[in-house]
>>> print(open('upload20.cif').read())   # mmCIF, C-alpha atoms and all ligand atoms
data_upload
#
loop_
_atom_site.label_atom_id
_atom_site.label_comp_id
_atom_site.auth_asym_id
_atom_site.auth_seq_id
_atom_site.Cartn_x
_atom_site.Cartn_y
_atom_site.Cartn_z
CA MET L 1 -116.72 -68.52 75.04
CA VAL L 2 -117.58 -71.71 73.16
CA ASP L 3 -121.22 -70.62 72.70
CA ARG L 4 -120.23 -67.38 71.06
CA ARG L 5 -117.90 -69.22 68.72
CA ASN L 6 -120.53 -71.83 67.90
CA HIS L 7 -123.00 -69.09 67.10
CA TRP L 8 -120.71 -67.54 64.51
CA GLU L 9 -119.57 -70.85 63.06
CA THR L 10 -123.25 -71.70 62.55
CA VAL L 11 -123.90 -68.34 60.89
CA TYR L 12 -121.06 -68.93 58.44
CA SER L 13 -122.11 -72.52 57.75
CA ASN L 14 -125.70 -71.50 56.96
CA LYS L 15 -125.09 -68.61 54.59
CA ALA L 16 -122.85 -67.83 51.66
CA VAL L 17 -120.31 -65.18 52.62
CA ASP L 18 -121.70 -62.76 50.03
CA GLN L 19 -125.23 -63.16 51.44
CA VAL L 20 -124.54 -62.19 55.06
CA SER L 21 -126.03 -58.80 55.94
CA TRP L 22 -122.65 -57.13 56.49
CA PHE L 23 -121.13 -58.21 53.15
CA GLN L 24 -119.28 -55.58 51.14
CA PRO L 25 -117.63 -56.40 47.80
CA HIS L 26 -114.97 -53.90 48.83
CA ALA L 27 -114.39 -52.36 52.24
CA SER L 28 -113.97 -48.94 50.64
CA SER L 29 -114.45 -46.71 53.69
CA SER L 30 -112.14 -48.86 55.81
CA LEU L 31 -109.48 -48.90 53.11
CA ARG L 32 -109.68 -45.12 52.66
CA LEU L 33 -109.37 -44.49 56.41
CA ILE L 34 -106.44 -46.91 56.73
CA GLU L 35 -104.63 -45.42 53.73
CA ALA L 36 -105.01 -41.98 55.30
CA CYS L 37 -102.98 -43.00 58.36
CA ALA L 38 -100.76 -45.95 57.48
CA ASP L 39 -97.74 -46.46 55.26
CA LYS L 40 -97.24 -49.80 53.55
CA ASP L 41 -95.03 -51.18 56.34
CA ALA L 42 -97.69 -50.58 58.98
CA HIS L 43 -98.76 -53.53 61.14
CA ILE L 44 -102.51 -53.72 60.72
CA ILE L 45 -105.00 -56.00 62.47
CA ASP L 46 -108.57 -56.50 61.28
CA VAL L 47 -110.42 -57.57 64.41
CA GLY L 48 -113.46 -59.75 63.72
CA GLY L 49 -112.49 -59.61 60.07
CA GLY L 50 -114.52 -62.74 59.28
CA ALA L 51 -114.43 -63.37 55.53
CA SER L 52 -114.21 -59.65 54.75
CA MET L 53 -112.60 -58.51 51.50
CA LEU L 54 -110.65 -55.86 53.42
CA VAL L 55 -107.58 -58.08 53.58
CA ASP L 56 -107.70 -58.49 49.77
CA ASP L 57 -108.03 -54.73 49.34
CA LEU L 58 -105.10 -54.11 51.70
CA LEU L 59 -102.87 -56.65 49.93
CA ASP L 60 -103.81 -55.10 46.57
CA ALA L 61 -102.85 -51.70 47.97
CA GLY L 62 -99.39 -53.02 48.93
CA TYR L 63 -99.73 -53.54 52.69
CA ARG L 64 -97.58 -56.44 53.87
CA ASN L 65 -97.91 -56.74 57.64
CA LEU L 66 -101.49 -57.87 58.02
CA SER L 67 -103.28 -59.86 60.71
CA VAL L 68 -106.91 -60.98 60.63
CA LEU L 69 -108.52 -62.16 63.86
CA ASP L 70 -111.91 -63.84 64.18
CA LEU L 71 -113.73 -66.25 66.45
CA ALA L 72 -114.95 -68.25 63.46
CA GLU L 73 -112.18 -70.37 61.97
CA SER L 74 -114.40 -71.20 59.00
CA ALA L 75 -114.63 -67.51 58.04
CA LEU L 76 -110.84 -67.21 58.16
CA ALA L 77 -110.56 -70.39 56.07
CA THR L 78 -112.85 -68.83 53.46
CA SER L 79 -110.57 -65.81 53.18
CA ARG L 80 -107.47 -68.00 53.03
CA ALA L 81 -108.96 -70.08 50.23
CA ARG L 82 -110.02 -66.97 48.31
CA LEU L 83 -106.54 -65.46 48.57
CA GLY L 84 -104.69 -68.63 47.59
CA ALA L 85 -100.91 -68.28 47.86
CA ARG L 86 -101.28 -64.65 48.98
CA ALA L 87 -102.82 -65.89 52.25
CA GLN L 88 -99.40 -67.07 53.42
CA SER L 89 -98.28 -63.50 53.99
CA VAL L 90 -101.17 -62.82 56.38
CA ARG L 91 -101.24 -63.79 60.08
CA TRP L 92 -104.56 -65.53 60.81
CA ILE L 93 -105.67 -65.57 64.45
CA ALA L 94 -108.67 -67.68 65.50
CA ALA L 95 -109.64 -66.21 68.87
CA ASP L 96 -112.17 -64.24 70.87
CA ILE L 97 -110.95 -60.66 70.96
CA THR L 98 -111.86 -60.31 74.62
CA ARG L 99 -109.44 -63.16 75.50
CA ALA L 100 -106.88 -63.35 72.70
CA GLU L 101 -103.15 -63.32 73.50
CA LEU L 102 -102.01 -60.34 71.47
CA PRO L 103 -98.45 -59.01 71.30
CA ALA L 104 -97.70 -55.80 73.18
CA ALA L 105 -97.28 -52.54 71.25
CA ARG L 106 -97.38 -54.34 67.89
CA TYR L 107 -100.06 -52.68 65.77
CA ASP L 108 -100.04 -49.36 63.96
CA VAL L 109 -103.68 -49.77 62.96
CA TRP L 110 -106.52 -51.56 64.70
CA HIS L 111 -109.59 -51.98 62.50
CA ASP L 112 -112.98 -53.32 63.58
CA ARG L 113 -116.12 -53.18 61.49
CA ALA L 114 -119.23 -54.55 63.20
CA VAL L 115 -117.65 -56.45 66.11
CA PHE L 116 -117.42 -54.09 69.10
CA HIS L 117 -121.16 -53.43 68.89
CA PHE L 118 -121.86 -57.09 69.80
CA LEU L 119 -120.24 -56.59 73.20
CA THR L 120 -123.34 -55.91 75.28
CA ASP L 121 -121.61 -56.78 78.57
CA PRO L 122 -119.60 -53.82 79.94
CA ALA L 123 -116.95 -56.25 81.25
CA ASP L 124 -116.37 -57.53 77.69
CA ARG L 125 -116.07 -53.96 76.41
CA ALA L 126 -113.52 -53.20 79.13
CA ARG L 127 -111.50 -56.29 78.14
CA TYR L 128 -111.66 -55.22 74.48
CA VAL L 129 -110.35 -51.73 75.31
CA GLU L 130 -107.56 -53.30 77.39
CA GLN L 131 -106.55 -55.31 74.33
CA VAL L 132 -106.37 -52.14 72.24
CA LEU L 133 -104.35 -50.36 74.92
CA LYS L 134 -101.92 -53.25 75.16
CA SER L 135 -101.40 -54.09 71.50
CA VAL L 136 -101.66 -50.77 69.64
CA LYS L 137 -98.53 -48.64 69.62
CA SER L 138 -98.63 -45.17 71.07
CA GLY L 139 -99.42 -42.95 68.09
CA GLY L 140 -101.21 -45.84 66.36
CA HIS L 141 -104.68 -45.52 64.91
CA VAL L 142 -107.92 -47.21 65.90
CA ILE L 143 -110.81 -47.43 63.46
CA VAL L 144 -114.03 -48.85 64.86
CA ALA L 145 -117.28 -49.02 62.91
CA ALA L 146 -120.48 -49.84 64.80
CA PHE L 147 -124.19 -49.52 64.16
CA GLY L 148 -125.27 -45.89 64.60
CA PRO L 149 -128.29 -44.65 66.58
CA GLY L 150 -130.53 -45.35 63.58
CA GLY L 151 -129.06 -48.80 62.95
CA PRO L 152 -130.62 -52.20 63.70
CA LEU L 153 -131.10 -53.47 67.26
CA GLN L 154 -129.83 -56.90 66.32
CA CYS L 155 -127.52 -58.58 63.83
CA SER L 156 -127.39 -62.31 63.12
CA GLY L 157 -129.88 -62.88 65.94
CA LEU L 158 -127.67 -61.17 68.53
CA ASP L 159 -128.42 -57.94 70.37
CA VAL L 160 -126.11 -55.05 69.63
CA VAL L 161 -125.33 -51.71 71.26
CA ARG L 162 -125.83 -48.77 68.90
CA TYR L 163 -123.56 -45.76 69.20
CA ALA L 164 -123.47 -42.10 68.29
CA PRO L 165 -119.86 -41.07 67.58
CA ASP L 166 -119.28 -39.44 70.99
CA ALA L 167 -120.68 -42.45 72.82
CA LEU L 168 -118.49 -44.82 70.82
CA HIS L 169 -115.42 -42.72 71.53
CA ALA L 170 -116.35 -42.51 75.22
CA GLU L 171 -116.15 -46.32 75.49
CA PHE L 172 -112.44 -46.05 74.72
CA GLY L 173 -111.64 -43.12 76.99
CA GLU L 174 -108.97 -40.47 77.24
CA SER L 175 -106.16 -42.65 75.91
CA PHE L 176 -107.76 -42.25 72.50
CA GLN L 177 -108.16 -38.94 70.71
CA LEU L 178 -111.06 -38.84 68.27
CA LEU L 179 -109.72 -37.46 64.98
CA ARG L 180 -112.89 -37.78 62.96
CA HIS L 181 -116.05 -39.75 62.50
CA GLU L 182 -118.22 -40.62 59.55
CA THR L 183 -121.69 -42.03 59.09
CA GLU L 184 -122.32 -44.48 56.27
CA THR L 185 -125.39 -46.22 54.97
CA HIS L 186 -124.63 -49.86 54.28
CA HIS L 187 -126.88 -51.60 51.77
CA THR L 188 -127.29 -55.25 52.74
CA PRO L 189 -127.48 -58.01 50.09
CA SER L 190 -131.21 -58.38 50.91
CA GLY L 191 -131.84 -54.69 50.18
CA GLN L 192 -131.99 -53.14 53.65
CA ASP L 193 -130.18 -50.00 54.73
CA GLN L 194 -128.08 -49.98 57.91
CA GLU L 195 -126.53 -46.93 59.56
CA PHE L 196 -122.88 -47.37 60.50
CA VAL L 197 -120.76 -44.91 62.51
CA TYR L 198 -117.00 -45.01 61.91
CA CYS L 199 -114.76 -43.52 64.62
CA TYR L 200 -111.17 -42.85 63.76
CA CYS L 201 -108.90 -42.27 66.79
CA VAL L 202 -105.23 -41.99 67.60
CA ARG L 203 -103.87 -43.78 70.68
CA VAL L 204 -102.13 -41.06 72.67
C1 LIG G 301 -120.93 -58.73 61.49
S1 LIG G 301 -119.49 -59.67 61.20
C2 LIG G 301 -118.38 -58.48 60.51
C3 LIG G 301 -117.25 -59.12 59.73
C4 LIG G 301 -116.26 -58.12 59.09
N1 LIG G 301 -115.68 -57.22 60.06
C5 LIG G 301 -116.90 -57.34 57.97
O1 LIG G 301 -117.09 -56.13 58.12
O2 LIG G 301 -117.22 -57.96 56.94
C6 LIG G 301 -118.87 -59.88 62.84
C7 LIG G 301 -117.64 -60.77 62.89
O3 LIG G 301 -117.09 -60.72 64.18
C8 LIG G 301 -116.76 -62.01 64.63
N2 LIG G 301 -116.84 -61.94 66.09
C9 LIG G 301 -117.94 -61.77 66.84
N3 LIG G 301 -117.62 -61.69 68.14
C10 LIG G 301 -116.28 -61.81 68.20
C11 LIG G 301 -115.33 -61.82 69.27
N4 LIG G 301 -115.73 -61.68 70.54
N5 LIG G 301 -114.02 -61.97 68.97
C12 LIG G 301 -113.62 -62.12 67.68
N6 LIG G 301 -114.47 -62.13 66.64
C13 LIG G 301 -115.77 -61.98 66.90
C14 LIG G 301 -117.75 -62.92 63.95
O4 LIG G 301 -117.28 -64.24 63.83
C15 LIG G 301 -117.92 -62.23 62.60
O5 LIG G 301 -117.00 -62.71 61.67
#
>>> encode(input="upload20.cif", output="structure tokens", more="lines below")
Ligand SMILES: C[S@@+](CC[C@H](N)C(=O)[O-])C[C@H]1O[C@@H](n2cnc3c(N)ncnc32)[C@H](O)[C@@H]1O
Amino acid sequence: MVDRRNHWETVYSNKAVDQVSWFQPHASSSLRLIEACADKDAHIIDVGGGASMLVDDLLDAGYRNLSVLDLAESALATSRARLGARAQSVRWIAADITRAELPAARYDVWHDRAVFHFLTDPADRARYVEQVLKSVKSGGHVIVAAFGPGGPLQCSGLDVVRYAPDALHAEFGESFQLLRHETETHHTPSGQDQEFVYCYCVRV
């Protein structure tokens, strides 16, 4: 998956992290959904977290068992530099989520904003769901945000798959119970609106 990694490293080397289309100064919806299901000891992984501020928001909220995974080491390095000494308490994993070696039954919360929708190959989506099944505890929560039916067809020059809530949930199957879903309009730094669908499931 070197090409995929190169693509994202190039994206991060060409644009400031607060100018990429998915930038949020705070990941407010993600934080609210996580706080609704997780106590401060919860093991939480942000999959494809990039340079997102979610890890800052979670540390500020008192969470202490955090992992951030991304293909792009440079994006993780940006977050580490921003956090300074606080970065040492976070587990940083540079890997492709479809191939990463994740621990079994480790996570209470799996969070993904704008990563699953890049998996246009059904085999990659199946590998992703296997990772969730392996590494999220029974009773753990899975929060996945993807472009909705009215969202863009591409992001960062890559095709995406857009999902209505039921279709997004269906990708994960019966091992995941859909608790709720929300639709959000994300305002990009360049002034465009993007429809996001958040699905919030429990692993049964
Ligand atoms: C659109 S950005 C979203 C970043 C972050 N979740 C946020 O909301 O700010 C997509 C991120 O997913 C990462 N990514 C893309 N494909 C990936 C894969 N197969 N495995 C791990 N990370 C991936 C990219 O490097 C990038 O940081």
>>> residues_around(input="upload20.cif", residues="Ser156 of chain L", least_positions_apart="4", cutoff="12 Å", atoms="all atoms listed in the file", output="number ranges by chain")
L: 4, 7-12, 14-15, 19-22, 114-115, 118, 152, 160
>>> residues_near_ligand(input="upload20.cif", ligand="ligand LIG 301 (chain G)", cutoff="8 Å", atoms="all atoms listed in the file", output="short mmCIF file (atom, residue, chain, number, x, y, z; two decimals) with C-alpha atoms, keeping the file's coordinate frame")
data_model
loop_
_atom_site.label_atom_id
_atom_site.label_comp_id
_atom_site.auth_asym_id
_atom_site.auth_seq_id
_atom_site.Cartn_x
_atom_site.Cartn_y
_atom_site.Cartn_z
CA ARG L 4 -120.23 -67.38 71.06
CA ARG L 5 -117.90 -69.22 68.72
CA TRP L 8 -120.71 -67.54 64.51
CA GLU L 9 -119.57 -70.85 63.06
CA SER L 21 -126.03 -58.80 55.94
CA TRP L 22 -122.65 -57.13 56.49
CA PHE L 23 -121.13 -58.21 53.15
CA GLN L 24 -119.28 -55.58 51.14
CA ALA L 27 -114.39 -52.36 52.24
CA ASP L 46 -108.57 -56.50 61.28
CA VAL L 47 -110.42 -57.57 64.41
CA GLY L 48 -113.46 -59.75 63.72
CA GLY L 49 -112.49 -59.61 60.07
CA GLY L 50 -114.52 -62.74 59.28
CA ALA L 51 -114.43 -63.37 55.53
CA SER L 52 -114.21 -59.65 54.75
CA MET L 53 -112.60 -58.51 51.50
CA LEU L 54 -110.65 -55.86 53.42
CA LEU L 69 -108.52 -62.16 63.86
CA ASP L 70 -111.91 -63.84 64.18
CA LEU L 71 -113.73 -66.25 66.45
CA ALA L 72 -114.95 -68.25 63.46
CA ALA L 75 -114.63 -67.51 58.04
CA ALA L 94 -108.67 -67.68 65.50
CA ALA L 95 -109.64 -66.21 68.87
CA ASP L 96 -112.17 -64.24 70.87
CA ILE L 97 -110.95 -60.66 70.96
CA THR L 98 -111.86 -60.31 74.62
CA ASP L 112 -112.98 -53.32 63.58
CA ARG L 113 -116.12 -53.18 61.49
CA ALA L 114 -119.23 -54.55 63.20
CA VAL L 115 -117.65 -56.45 66.11
CA PHE L 116 -117.42 -54.09 69.10
CA PHE L 118 -121.86 -57.09 69.80
CA LEU L 119 -120.24 -56.59 73.20
CA CYS L 155 -127.52 -58.58 63.83
CA SER L 156 -127.39 -62.31 63.12
#
>>> residues_near_point(input="upload20.cif", point="(-106.7, -63.9, 45.7)", cutoff="12 Å", atoms="all atoms listed in the file", output="PyMOL selection string")
chain L and resi 53-60+78-89
>>> closest_residue(input="upload20.cif", among="L:Gln177, L:Ala105, L:Phe147, L:Arg64", to="Phe196 of chain L", atoms="all atoms listed in the file")
L:Phe147
>>> closest_residue(input="upload20.cif", among="L:Leu133, L:Asp3, L:Glu73, L:Gly140", to="Asp39 of chain L", atoms="all atoms listed in the file")
L:Gly140
>>> closest_residue(input="upload20.cif", among="L:Lys137, L:Val109, L:Ala145, L:Phe176", to="Ala36 of chain L", atoms="only C-alpha atoms")
L:Val109
>>> residues_around(input="upload20.cif", residues="Pro149 of chain L", least_positions_apart="2", cutoff="12 Å", atoms="all atoms listed in the file", output="ChimeraX atom specification")
/L:117,146-147,151-153,160-168,183-184,194-197
>>> atom_distance(input="upload20.cif", atom1="atom CA of Leu179 of chain L", atom2="atom CA of Gly62 of chain L")
24.6 Å
>>> build_atoms(input="upload20.cif", residues="segment 141-152 of chain L", atoms="all heavy atoms", output="short mmCIF file (atom, residue, chain, number, x, y, z; two decimals), keeping the file's coordinate frame")
data_model
loop_
_atom_site.label_atom_id
_atom_site.label_comp_id
_atom_site.auth_asym_id
_atom_site.auth_seq_id
_atom_site.Cartn_x
_atom_site.Cartn_y
_atom_site.Cartn_z
N HIS L 141 -103.31 -45.94 65.20
CA HIS L 141 -104.68 -45.52 64.91
C HIS L 141 -105.68 -46.64 65.15
O HIS L 141 -105.36 -47.82 64.96
CB HIS L 141 -104.77 -45.03 63.46
CG HIS L 141 -104.07 -43.73 63.27
ND1 HIS L 141 -102.70 -43.67 63.06
CD2 HIS L 141 -104.52 -42.45 63.31
CE1 HIS L 141 -102.35 -42.38 62.97
NE2 HIS L 141 -103.42 -41.63 63.11
N VAL L 142 -106.86 -46.25 65.57
CA VAL L 142 -107.92 -47.21 65.90
C VAL L 142 -109.16 -46.80 65.11
O VAL L 142 -109.64 -45.67 65.26
CB VAL L 142 -108.20 -47.19 67.42
CG1 VAL L 142 -109.30 -48.18 67.77
CG2 VAL L 142 -106.92 -47.50 68.20
N ILE L 143 -109.62 -47.70 64.28
CA ILE L 143 -110.81 -47.43 63.46
C ILE L 143 -111.87 -48.44 63.86
O ILE L 143 -111.67 -49.65 63.71
CB ILE L 143 -110.48 -47.57 61.96
CG1 ILE L 143 -109.38 -46.59 61.55
CG2 ILE L 143 -111.74 -47.39 61.11
CD1 ILE L 143 -108.70 -46.92 60.24
N VAL L 144 -112.95 -47.95 64.42
CA VAL L 144 -114.03 -48.85 64.86
C VAL L 144 -115.33 -48.38 64.22
O VAL L 144 -115.70 -47.21 64.32
CB VAL L 144 -114.16 -48.86 66.40
CG1 VAL L 144 -115.34 -49.73 66.83
CG2 VAL L 144 -112.87 -49.39 67.04
N ALA L 145 -115.99 -49.31 63.53
CA ALA L 145 -117.28 -49.02 62.91
C ALA L 145 -118.35 -49.86 63.60
O ALA L 145 -118.21 -51.07 63.72
CB ALA L 145 -117.24 -49.36 61.42
N ALA L 146 -119.39 -49.17 64.07
CA ALA L 146 -120.48 -49.84 64.80
C ALA L 146 -121.81 -49.32 64.25
O ALA L 146 -121.85 -48.28 63.58
CB ALA L 146 -120.38 -49.54 66.29
N PHE L 147 -122.88 -50.04 64.55
CA PHE L 147 -124.19 -49.52 64.16
C PHE L 147 -124.43 -48.18 64.85
O PHE L 147 -124.17 -48.02 66.04
CB PHE L 147 -125.31 -50.47 64.57
CG PHE L 147 -125.46 -51.68 63.67
CD1 PHE L 147 -126.02 -52.84 64.16
CD2 PHE L 147 -125.09 -51.65 62.33
CE1 PHE L 147 -126.19 -53.95 63.35
CE2 PHE L 147 -125.25 -52.75 61.50
CZ PHE L 147 -125.80 -53.90 62.01
N GLY L 148 -124.94 -47.20 64.07
CA GLY L 148 -125.27 -45.89 64.60
C GLY L 148 -126.63 -45.89 65.29
O GLY L 148 -127.32 -46.92 65.32
N PRO L 149 -127.03 -44.74 65.83
CA PRO L 149 -128.29 -44.65 66.58
C PRO L 149 -129.51 -45.07 65.74
O PRO L 149 -130.52 -45.53 66.29
CB PRO L 149 -128.38 -43.16 66.93
CG PRO L 149 -126.98 -42.66 66.86
CD PRO L 149 -126.26 -43.49 65.84
N GLY L 150 -129.41 -44.94 64.43
CA GLY L 150 -130.53 -45.35 63.58
C GLY L 150 -130.35 -46.75 63.01
O GLY L 150 -131.13 -47.19 62.16
N GLY L 151 -129.34 -47.46 63.47
CA GLY L 151 -129.06 -48.80 62.95
C GLY L 151 -129.95 -49.85 63.59
O GLY L 151 -130.76 -49.55 64.48
N PRO L 152 -129.80 -51.11 63.16
CA PRO L 152 -130.62 -52.20 63.70
C PRO L 152 -130.32 -52.47 65.17
O PRO L 152 -129.23 -52.16 65.65
CB PRO L 152 -130.22 -53.41 62.85
CG PRO L 152 -129.44 -52.88 61.71
CD PRO L 152 -128.88 -51.56 62.12
#
